[in-house]
Amino acid sequence: MKLYRCIFTVLIATVVFTACKSTGQKALNKGDYFTACLQAIEKLRSSSNNEKAIDALSKAYPLAITYIGREVERLLSSSSNKNRYMQIYNLYGQMNRIAVEISKSPAALRVIPNPDYYNLQLESACNMAAEETYQKAESSLRKETRSAAKEAYSLYLQTNDIIAGYKDVVQKAEEARWLATLKVVIEQRPVAGTYKISADFFQNKVFEYFSNNIRNKFIRVYSPQEAEQNKLTPDQIIRLEFLDFVVGQMRESKDTKEVKRDSVIVGIYKDDKGREHNVYGTVEAKLTIRKREVSSNGLLNAIIVDYASNKILSQQRFPGIYTWTDMWGSFNGDERALTSKELAMCRREPYMPPPSQDMFIEFTVPIFNNLTAFIQNYYRNY
C-alpha cells in the first residue's frame with residue numbers, strides 16, 4: 001500500500017500535458033525525453049499509426065532510461081544536494097508514469113512492448129525522500145522562529161504526503177503550526193466617562209469578525225478570558241479604547257408651513273335635471289413639523305502592541321457620530337391638504353430619546369467597519 005501511495009503521489013504531482021496534437025518531436029529535440037514520451041503516447045491514442053509519434057516514442061523512451069540512470073548516479077554522488085532523494089523519487093515516479101501510460105495504449109505498446117517499472121527503486125527512494133524531508137523539517141523547527149516554524153510545518157506536510165503517518169510527522173506538524181501561529185488577544189478597555197456603558201458587545205463583535213475573516217491558519221485570536229484560562233502568553237494585543245464619548249443635550253425645533261391641494265371634492269350640486277355633480281376646489285391647512293434630536297460622538301483608539309516589548313506596532317483612531325432623530329407633527333385646517341406621510345406624522349406621539357447604551361451601540365456601527373478594514377490590512381501579510 002505504501003508503494004501504491006508513493007506512485008499515486010508522484011502521478012498527482014506530475015504535470016498534466018494538454019498539448020494533445022503534439023507528436024513529441026519538439027520535446028525530443030530539446031532533450032526533454034519525459035515530455036516527448038508522454039506527448040507521443042497521447043498522440044498515438046488518437047492516431048495509432050502516426051509515424052512522427054512512433055518515431056518520437058521509439059527514440060525518446062530509451063534516451064529517458066539512459067538519462068534517469070545517469071541522473072540518479074549523479075545525485076547519489078552529490079552529498080551537498082539536500083534534496084537529492086526527493087529528486088530521485090520524482091525521477092523514478094516519472095518513469096513509472098510513462099510505463100503506466102504506455103500500458104494503457106495499445107499503439108504505444110507496439111512501439112515499447114515491455115516498458116520498465118521502477119517499483120523497487122521508487123519504494124526505496126520514497127523512504128529516503130521522506131526521511132530527507134523530515135530531517136529538513138526538524139532542522140527548521142530547531143531554529144525556534146515563526147518563519148522557520150512555518151517552513152517546518154510545510155515540510156512535515158510534504159513528508160506526510162510522501163509516506164502517510166511517517167514517524168511522528170502528524171504530531172510534529174501540529175507542533176510546528178503552533179509555534180508558527182501568531183497568538184493575538186483582543187482587549188477592550190472600559191468606556192471612560194460618567195455614563196454606565198458596556199463595550200463588551202463591541203469586543204465580541206470584533207472577536208467574531210477576526211475569527212471568521214482572517215483567512216490565515218497561522219493567526220489565532222483569543223479573548224482575555226481564554227488567554228488566562230489557557231495560561232497563554234500572547235504575541236500581540238489589540239487594545240480597543242473608546243475616548244471622549246458624550247451624549248449631547250436634546251434639541252427640539254419646529255417648522256410651520258401652509259399646505260394645500262388642488263382638485264379636491266369640496267361639495268356636490270344638482271343640475272336642472274336633478275343630476276348630482278362633484279364640486280372641485282382647493283383645500284388648505286397649516287402644518288407644523290417638530291423635530292427632536294440627540295447626538296452622540298466619540299473616538300475609538302485602536303492599538304496593536306507587541307506583548308514582549310510593549311512596543312506599539314500600529315495605531316489608528318476612528319471618530320464616530322450618531323444622531324438620533326424623531327419627527328412628529330400637528331395641523332390646523334383640512335386634513336385632505338396633507339400627504340399620507342404628513343398625516344401619519346400628525347397622528348403619532350413623540351418618542352423619548354433612547355438610553356445612552358443604545359446611543360453608544362449605534363455610534364459604534366461605522367467605527368466597526370473602519371476598524372475591521374484596519375485589522376484586515378495590518379494582518380494581510382502575516
# chains A, B, ... in the order shown; residues from 1 in each chain; ligands from 1

$ residues_around --residues "stretch 371-373 of chain A" --least-positions-apart "6" --cutoff "9 Å" --atoms "only C-alpha atoms" --output "list in words"
Val206, Tyr209, Phe210, Leu300, Ala302, Gln316, Arg317 and Phe318 of chain A

$ residues_around --residues "A:Ala36" --least-positions-apart "6" --cutoff "6 Å" --atoms "only C-alpha atoms" --output "MDAnalysis selection string"
chainID A and resid 24 27:28

$ write_last_selection --atoms "C-alpha atoms" --output "compact mmCIF listing (two decimals), in the first residue's frame"
# COMPACT_ATOMS: atom_id res chain seq x y z
CA GLY A 24 6.64 14.73 -29.04
CA ALA A 27 10.31 17.98 -26.87
CA LEU A 28 12.64 15.22 -28.09

$ residues_around --residues "stretch 216-221 of chain A" --least-positions-apart "2" --cutoff "9 Å" --atoms "only C-alpha atoms" --output "mmCIF file with C-alpha atoms, in the first residue's frame"
data_model
loop_
_atom_site.group_PDB
_atom_site.id
_atom_site.type_symbol
_atom_site.label_atom_id
_atom_site.label_comp_id
_atom_site.auth_asym_id
_atom_site.auth_seq_id
_atom_site.Cartn_x
_atom_site.Cartn_y
_atom_site.Cartn_z
ATOM 1 C CA LYS A 150 6.174 27.824 9.031
ATOM 2 C CA ARG A 177 1.971 25.012 13.286
ATOM 3 C CA TRP A 178 1.527 26.078 16.926
ATOM 4 C CA LEU A 179 5.000 27.638 17.041
ATOM 5 C CA ALA A 180 4.317 29.400 13.737
ATOM 6 C CA THR A 181 0.949 30.736 14.899
ATOM 7 C CA LEU A 182 0.663 34.382 15.926
ATOM 8 C CA LYS A 183 -1.428 34.495 19.098
ATOM 9 C CA VAL A 184 -3.455 37.692 19.308
ATOM 10 C CA VAL A 185 -5.554 38.835 22.283
ATOM 11 C CA ILE A 186 -8.314 41.392 21.739
ATOM 12 C CA PHE A 207 -13.598 38.890 18.014
ATOM 13 C CA PHE A 210 -11.459 38.382 13.351
ATOM 14 C CA SER A 211 -12.130 34.659 13.831
ATOM 15 C CA ASN A 213 -12.483 36.669 8.251
ATOM 16 C CA ILE A 214 -8.733 36.467 8.852
ATOM 17 C CA SER A 223 -10.280 36.845 24.374
ATOM 18 C CA TYR A 379 -2.584 41.195 9.192
ATOM 19 C CA ARG A 380 -2.759 40.673 5.433
ATOM 20 C CA TYR A 382 1.347 37.654 8.258
#

$ atom_distance --atom1 "atom CA of A:Tyr322" --atom2 "atom CA of A:Leu243"
15.0 Å

$ residues_around --residues "A:Lys260" --least-positions-apart "6" --cutoff "8 Å" --atoms "only C-alpha atoms" --output "VMD selection string"
chain A and resid 282 to 285 337 to 338

$ write_last_selection --atoms "N, CA and C atoms" --output "CSV table (one decimal), in the first residue's frame"
chain,number,residue,atom,x,y,z
A,282,THR,N,-59.8,73.9,-3.8
A,282,THR,CA,-58.5,73.8,-3.2
A,282,THR,C,-58.8,73.7,-1.6
A,283,VAL,N,-58.1,72.8,-1.0
A,283,VAL,CA,-58.2,72.7,0.5
A,283,VAL,C,-56.8,73.1,1.1
A,284,GLU,N,-56.8,73.7,2.3
A,284,GLU,CA,-55.6,74.2,2.9
A,284,GLU,C,-55.5,73.8,4.3
A,285,ALA,N,-54.3,73.8,4.8
A,285,ALA,CA,-54.1,73.5,6.3
A,285,ALA,C,-52.7,74.2,6.6
A,337,ALA,N,-55.5,68.3,2.8
A,337,ALA,CA,-54.4,69.0,2.2
A,337,ALA,C,-53.0,68.4,2.5
A,338,LEU,N,-53.0,67.4,3.4
A,338,LEU,CA,-51.8,66.7,3.8
A,338,LEU,C,-51.5,65.5,3.0

$ residues_around --residues "A:Ile162" --least-positions-apart "2" --cutoff "6 Å" --atoms "only C-alpha atoms" --output "ChimeraX atom specification"
/A:130,159-160

$ write_last_selection --atoms "N, CA and C atoms" --output "PDB file, in the first residue's frame"
ATOM      1  N   ALA A 130      11.282  10.697   2.181  1.00  0.00           N
ATOM      2  CA  ALA A 130      10.517  11.024   3.385  1.00  0.00           C
ATOM      3  C   ALA A 130      11.456  11.382   4.536  1.00  0.00           C
ATOM      4  N   THR A 159       6.338  15.608   3.956  1.00  0.00           N
ATOM      5  CA  THR A 159       6.748  14.268   4.382  1.00  0.00           C
ATOM      6  C   THR A 159       5.547  13.341   4.479  1.00  0.00           C
ATOM      7  N   ASN A 160       4.466  13.864   5.046  1.00  0.00           N
ATOM      8  CA  ASN A 160       3.259  13.050   5.194  1.00  0.00           C
ATOM      9  C   ASN A 160       2.630  12.719   3.845  1.00  0.00           C
TER      10      ASN A 160
END

$ residues_around --residues "A:Phe331" --least-positions-apart "6" --cutoff "9 Å" --atoms "only C-alpha atoms" --output "PyMOL selection string"
chain A and resi 285-289+338+343+346
